[in-house]
Amino acid sequence: MMDNLNDLWNRAAELYGDRTAVIFEDQRYTYADLDALIRAFAASLPCLGVGPGDRVALVLPNCLHSIVCYLGIIRAGAIALPLNIRLKPSEMRFMFEDAAPKAVIVHRALREQVNEALDGLPPIPRLGVGFEDEQYSSIDRVVRASRPHPAEDATNPQPAGETPALREEEDAGGRDVDRNVTPDDTAAIIYTSGTTGLPKGAMITHGNVLFNITATIAGHGFRADDIHLLIVPLFHVTGLNTIMPTAFYQGATLVVSGDPNPTNVVALIERHSCTTVFTVPTTAILLVQTPGIADHPLPSLRLFAYSGAPMPVRAISRLRELFPDKLLHNFFGLTETTSCTSVLPSDQALLRPESIGRLVPGLHARIVDEEGNALAAGLVGELLIKGPSIVKGYYNRPEATAEAIVDGWLHTGDTAFIDPEGYIFLQGRKKEMLIVAGENVYPVEVENVLTRHPAVAEAAVIGEPHPIFGEVVKAVVVLRAGEEPNPRDLKRYCAEQLASYKVPQTFEFRDALPRNPSGKVVKRALKDAP
């Protein structure tokens, strides 16, 4: 019986000790190796003032430390706070202020943006992965210092520039750092873009993730002998809550990489005989366009899954042509649904390419009108989802929680219909969210930045179709009197304050924005304009 993620990991370490758990940068780590690292890191957290229920921020790319630290935080009874590494310092700063982490763990490549984000905030311990300076303590040094009897070679020093691996003493602390974690306790807080321009931290519970393991096995058919290529970010729910915990539950292997470049994807699949890979459509589109891809049949691969944005039919057709023996799964999930919510099976990949599939067992869906009345099959309304994967709410946002989750039903903000066979078809986004290369962008967040520019009177943001990224951000701008259009300056201004995927790629300048009688901008008129 598993009540929490500590139970999950203890089970994995006991059953699969000699199996390979993680391959990172061609180094193999068994379940026993990983268990030692996780317990060592968990035992060091009290020395930093981190206790049960405290937040610990992770600003890490996919790497060994992102897994060790995440599971170590949870083992200590604390809450993991994985942050999107593509965020600008001003975006990160809000999350640091909102969640008030007790410590932050930062990869060497990201220290400058984190330093800027933390500037002026109350000081907290900063741990460096792969570096140490006047502001950051080496994570390996902290772990070594926390041991009762540290040894000189505990950190296994590596060449300069390499990320060191944590090492644990023989007498390291026991497994049960926290013995009172319940399924309803928060395991992680993951921020989503907010419709008001302020991100919201979704509180994902231990029970949410444990349910998602069963959903993943049922929906995707994960197996104990799988070797999963993990290239989707571990600061998003697919990697964190679908691939990683299910692999560890089954004793499978993760090949971890932060580089989704198709050339790297193919090379890793071939080198390590990977059996599954999950991508966003952008990666899939680039993969099928890669010169010479037909010369790489990828015999070990059995499952190619994609999600996060609409997938062009021509890309699905090309995948089927290139890899006729592979399973192709479209799937759907939200941060608020922990991840795996519906799966379109391979035999429907081209028969129902616009569908996100059927719900995984244990979840329920309904389509409702503006008054909340349930609609019949085939009618379009808002998609609501209910079940064990729904997060318990937004951190520090009781009003937003009450609005989004009503009687256990999550209001997704997506419009959709469900056909008589139970297949779900998304039709649009009620809250006008954009999806750029698998990343969510709420227009109001970009609009708020644009309207702070001294030359801008008003701005409206919409999506513009893009053959690779699905869509990109387009800004329709009304300038102040006397100002001249300068898209390059506006783009540079946005790039200073927003993650790259949120920055408008095209600008249109108008004398006024179209509005309805109540004064609301009619974005449909902007999209329909020639």
# chains A, B, ... in the order shown; residues from 1 in each chain; ligands from 1

$ residues_around --residues "Ala32 of chain A" --least-positions-apart "6" --cutoff "8 Å" --atoms "only C-alpha atoms" --output "ChimeraX atom specification"
/A:13,16-18

$ residues_around --residues "His220 of chain A" --least-positions-apart "2" --cutoff "9 Å" --atoms "only C-alpha atoms" --output "ChimeraX atom specification"
/A:215-218,222,303,305,329,343,345

$ residues_around --residues "Pro465 of chain A" --least-positions-apart "3" --cutoff "12 Å" --atoms "only C-alpha atoms" --output "PyMOL selection string"
chain A and resi 309-310+312+434-437+462+468-474+505-506+527

$ write_last_selection --atoms "C-alpha atoms" --output "PDB file, in the first residue's frame"
ATOM      1  CA  ALA A 309      -0.576  21.606 -28.635  1.00  0.00           C
ATOM      2  CA  PRO A 310      -2.491  20.583 -31.760  1.00  0.00           C
ATOM      3  CA  PRO A 312      -0.760  18.724 -37.706  1.00  0.00           C
ATOM      4  CA  LEU A 434      -2.046  30.421 -26.513  1.00  0.00           C
ATOM      5  CA  ILE A 435       0.203  27.375 -26.821  1.00  0.00           C
ATOM      6  CA  VAL A 436       3.631  28.161 -28.271  1.00  0.00           C
ATOM      7  CA  ALA A 437       5.782  25.070 -28.850  1.00  0.00           C
ATOM      8  CA  ILE A 462      -3.604  36.893 -30.155  1.00  0.00           C
ATOM      9  CA  ILE A 468       6.731  24.588 -36.457  1.00  0.00           C
ATOM     10  CA  PHE A 469       5.592  26.065 -33.141  1.00  0.00           C
ATOM     11  CA  GLY A 470       1.858  25.636 -33.725  1.00  0.00           C
ATOM     12  CA  GLU A 471       1.318  29.309 -33.053  1.00  0.00           C
ATOM     13  CA  VAL A 472       3.340  32.338 -32.012  1.00  0.00           C
ATOM     14  CA  VAL A 473       2.398  35.527 -30.231  1.00  0.00           C
ATOM     15  CA  LYS A 474       1.091  38.447 -32.275  1.00  0.00           C
ATOM     16  CA  GLN A 505       6.970  37.736 -33.060  1.00  0.00           C
ATOM     17  CA  THR A 506       4.790  40.019 -35.167  1.00  0.00           C
ATOM     18  CA  LYS A 527      -8.165  37.276 -35.825  1.00  0.00           C
TER      19      LYS A 527
END

$ closest_residue --among "A:Val142, A:Val478, A:Ala460, A:Leu383" --to "Asp369 of chain A" --atoms "only C-alpha atoms"
A:Leu383

$ residues_around --residues "Glu483 of chain A" --least-positions-apart "2" --cutoff "10 Å" --atoms "only C-alpha atoms" --output "PyMOL selection string"
chain A and resi 454-457+478-481+485-486

$ write_last_selection --atoms "C-alpha atoms" --output "compact mmCIF listing (two decimals), in the first residue's frame"
# COMPACT_ATOMS: atom_id res chain seq x y z
CA PRO A 454 5.82 54.51 -22.76
CA ALA A 455 4.88 54.49 -26.46
CA VAL A 456 1.93 52.08 -26.10
CA ALA A 457 -1.61 53.20 -25.30
CA VAL A 478 -2.39 51.26 -30.43
CA LEU A 479 0.35 53.86 -29.96
CA ARG A 480 0.17 57.04 -27.93
CA ALA A 481 -0.22 60.29 -29.81
CA PRO A 485 5.72 52.31 -34.93
CA ASN A 486 8.91 50.58 -33.80

$ atom_distance --atom1 "atom CA of Glu112 of chain A" --atom2 "atom CA of Ile124 of chain A"
16.0 Å

$ closest_residue --among "A:Lys386, A:Arg271, A:Arg452, A:Lys392" --to "Gly408 of chain A" --atoms "only C-alpha atoms"
A:Lys386

$ residues_around --residues "segment 285-300 of chain A" --least-positions-apart "6" --cutoff "12 Å" --atoms "only C-alpha atoms" --output "number ranges by chain"
A: 225-229, 260-277, 279, 306, 309-326, 437, 466-470

$ write_last_selection --atoms "N, CA and C atoms" --output "tab-separated table (two decimals), in the first residue's frame"
chain	number	residue	atom	x	y	z
A	225	ASP	N	10.09	-3.31	-18.57
A	225	ASP	CA	11.33	-3.41	-19.36
A	225	ASP	C	11.54	-2.18	-20.25
A	226	ASP	N	10.77	-1.13	-20.05
A	226	ASP	CA	10.93	0.07	-20.87
A	226	ASP	C	12.20	0.82	-20.51
A	227	ILE	N	12.73	1.50	-21.52
A	227	ILE	CA	13.81	2.47	-21.35
A	227	ILE	C	13.25	3.78	-21.91
A	228	HIS	N	12.87	4.69	-21.02
A	228	HIS	CA	12.17	5.90	-21.41
A	228	HIS	C	13.16	7.03	-21.68
A	229	LEU	N	13.05	7.64	-22.84
A	229	LEU	CA	13.83	8.84	-23.10
A	229	LEU	C	13.07	10.03	-22.52
A	260	PRO	N	16.04	18.69	-26.58
A	260	PRO	CA	15.04	18.07	-27.45
A	260	PRO	C	15.36	18.17	-28.94
A	261	ASN	N	16.56	18.59	-29.28
A	261	ASN	CA	16.94	18.66	-30.68
A	261	ASN	C	16.79	17.28	-31.32
A	262	PRO	N	16.12	17.20	-32.49
A	262	PRO	CA	15.86	15.88	-33.09
A	262	PRO	C	17.11	15.03	-33.29
A	263	THR	N	18.23	15.66	-33.62
A	263	THR	CA	19.46	14.90	-33.80
A	263	THR	C	19.87	14.22	-32.50
A	264	ASN	N	19.74	14.95	-31.39
A	264	ASN	CA	20.05	14.37	-30.09
A	264	ASN	C	19.05	13.29	-29.71
A	265	VAL	N	17.78	13.51	-30.00
A	265	VAL	CA	16.75	12.53	-29.70
A	265	VAL	C	17.06	11.21	-30.39
A	266	VAL	N	17.33	11.27	-31.68
A	266	VAL	CA	17.63	10.06	-32.44
A	266	VAL	C	18.88	9.38	-31.90
A	267	ALA	N	19.91	10.17	-31.62
A	267	ALA	CA	21.17	9.60	-31.13
A	267	ALA	C	20.98	8.88	-29.80
A	268	LEU	N	20.21	9.47	-28.89
A	268	LEU	CA	20.00	8.85	-27.59
A	268	LEU	C	19.15	7.59	-27.70
A	269	ILE	N	18.12	7.62	-28.53
A	269	ILE	CA	17.31	6.42	-28.73
A	269	ILE	C	18.17	5.28	-29.24
A	270	GLU	N	19.01	5.57	-30.21
A	270	GLU	CA	19.87	4.53	-30.80
A	270	GLU	C	20.93	4.06	-29.81
A	271	ARG	N	21.53	4.99	-29.09
A	271	ARG	CA	22.64	4.64	-28.19
A	271	ARG	C	22.17	3.78	-27.02
A	272	HIS	N	20.97	4.10	-26.50
A	272	HIS	CA	20.52	3.43	-25.28
A	272	HIS	C	19.32	2.51	-25.50
A	273	SER	N	18.96	2.27	-26.76
A	273	SER	CA	17.84	1.38	-27.10
A	273	SER	C	16.55	1.79	-26.39
A	274	CYS	N	16.26	3.08	-26.45
A	274	CYS	CA	15.07	3.60	-25.78
A	274	CYS	C	13.81	3.02	-26.43
A	275	THR	N	12.80	2.81	-25.59
A	275	THR	CA	11.55	2.21	-26.09
A	275	THR	C	10.41	3.21	-26.16
A	276	THR	N	10.49	4.32	-25.41
A	276	THR	CA	9.45	5.34	-25.47
A	276	THR	C	10.07	6.72	-25.51
A	277	VAL	N	9.35	7.66	-26.13
A	277	VAL	CA	9.74	9.07	-26.08
A	277	VAL	C	8.48	9.91	-26.11
A	279	THR	N	7.11	13.89	-26.55
A	279	THR	CA	7.55	15.18	-27.07
A	279	THR	C	6.37	16.13	-27.16
A	306	TYR	N	2.89	12.39	-28.08
A	306	TYR	CA	2.99	13.84	-28.27
A	306	TYR	C	1.79	14.53	-27.63
A	309	ALA	N	-0.06	20.70	-27.61
A	309	ALA	CA	-0.58	21.61	-28.64
A	309	ALA	C	-1.17	20.75	-29.75
A	310	PRO	N	-1.98	21.36	-30.62
A	310	PRO	CA	-2.49	20.58	-31.76
A	310	PRO	C	-1.36	20.04	-32.63
A	311	MET	N	-1.52	18.81	-33.09
A	311	MET	CA	-0.51	18.16	-33.93
A	311	MET	C	-1.03	18.13	-35.37
A	312	PRO	N	-0.30	18.74	-36.31
A	312	PRO	CA	-0.76	18.72	-37.71
A	312	PRO	C	-0.91	17.30	-38.24
A	313	VAL	N	-1.98	17.07	-39.00
A	313	VAL	CA	-2.23	15.74	-39.54
A	313	VAL	C	-1.07	15.29	-40.43
A	314	ARG	N	-0.51	16.23	-41.18
A	314	ARG	CA	0.60	15.85	-42.07
A	314	ARG	C	1.81	15.33	-41.28
A	315	ALA	N	2.02	15.87	-40.07
A	315	ALA	CA	3.13	15.38	-39.24
A	315	ALA	C	2.83	13.98	-38.71
A	316	ILE	N	1.58	13.74	-38.33
A	316	ILE	CA	1.20	12.39	-37.88
A	316	ILE	C	1.37	11.40	-39.02
A	317	SER	N	0.93	11.79	-40.21
A	317	SER	CA	1.05	10.91	-41.37
A	317	SER	C	2.51	10.60	-41.66
A	318	ARG	N	3.37	11.60	-41.54
A	318	ARG	CA	4.79	11.39	-41.80
A	318	ARG	C	5.40	10.48	-40.73
A	319	LEU	N	5.00	10.65	-39.48
A	319	LEU	CA	5.48	9.75	-38.43
A	319	LEU	C	5.08	8.31	-38.73
A	320	ARG	N	3.82	8.12	-39.16
A	320	ARG	CA	3.35	6.78	-39.48
A	320	ARG	C	4.12	6.20	-40.67
A	321	GLU	N	4.44	7.05	-41.63
A	321	GLU	CA	5.19	6.60	-42.80
A	321	GLU	C	6.61	6.21	-42.42
A	322	LEU	N	7.24	7.04	-41.58
A	322	LEU	CA	8.62	6.78	-41.18
A	322	LEU	C	8.74	5.60	-40.22
A	323	PHE	N	7.76	5.49	-39.31
A	323	PHE	CA	7.83	4.48	-38.24
A	323	PHE	C	6.53	3.68	-38.20
A	324	PRO	N	6.30	2.85	-39.21
A	324	PRO	CA	5.02	2.15	-39.31
A	324	PRO	C	4.75	1.16	-38.18
A	325	ASP	N	5.79	0.73	-37.49
A	325	ASP	CA	5.60	-0.25	-36.43
A	325	ASP	C	5.53	0.36	-35.04
A	326	LYS	N	5.55	1.70	-34.95
A	326	LYS	CA	5.53	2.35	-33.64
A	326	LYS	C	4.11	2.72	-33.24
A	437	ALA	N	4.83	26.17	-28.97
A	437	ALA	CA	5.78	25.07	-28.85
A	437	ALA	C	5.59	24.30	-27.54
A	466	HIS	N	1.74	29.01	-36.89
A	466	HIS	CA	3.16	28.84	-37.24
A	466	HIS	C	3.38	27.37	-37.59
A	467	PRO	N	4.10	27.09	-38.67
A	467	PRO	CA	4.23	25.69	-39.12
A	467	PRO	C	5.04	24.81	-38.18
A	468	ILE	N	5.90	25.38	-37.36
A	468	ILE	CA	6.73	24.59	-36.46
A	468	ILE	C	6.23	24.66	-35.02
A	469	PHE	N	5.95	25.87	-34.54
A	469	PHE	CA	5.59	26.07	-33.14
A	469	PHE	C	4.10	25.96	-32.87
A	470	GLY	N	3.30	25.70	-33.89
A	470	GLY	CA	1.86	25.64	-33.73
A	470	GLY	C	1.24	27.01	-33.82

$ closest_residue --among "A:Val461, A:Val521, A:Leu83, A:Ile67" --to "Pro245 of chain A" --atoms "only C-alpha atoms"
A:Ile67

$ residues_around --residues "Val360 of chain A" --least-positions-apart "3" --cutoff "6 Å" --atoms "only C-alpha atoms" --output "short mmCIF file (atom, residue, chain, number, x, y, z; two decimals) with N, CA and C atoms, in the first residue's frame"
data_model
loop_
_atom_site.label_atom_id
_atom_site.label_comp_id
_atom_site.auth_asym_id
_atom_site.auth_seq_id
_atom_site.Cartn_x
_atom_site.Cartn_y
_atom_site.Cartn_z
N ALA A 215 -2.95 5.80 -14.15
CA ALA A 215 -3.49 6.37 -15.38
C ALA A 215 -2.51 6.20 -16.53
N GLY A 219 -3.23 4.16 -19.81
CA GLY A 219 -3.36 4.92 -21.04
C GLY A 219 -2.25 4.69 -22.05
N THR A 341 -4.49 12.71 -18.70
CA THR A 341 -5.94 12.81 -18.52
C THR A 341 -6.70 12.01 -19.57
N SER A 342 -6.27 12.12 -20.82
CA SER A 342 -6.89 11.33 -21.89
C SER A 342 -5.81 10.92 -22.87
#

$ closest_residue --among "A:Ala43, A:Val68, A:Val280, A:Cys340" --to "Ile243 of chain A" --atoms "only C-alpha atoms"
A:Cys340
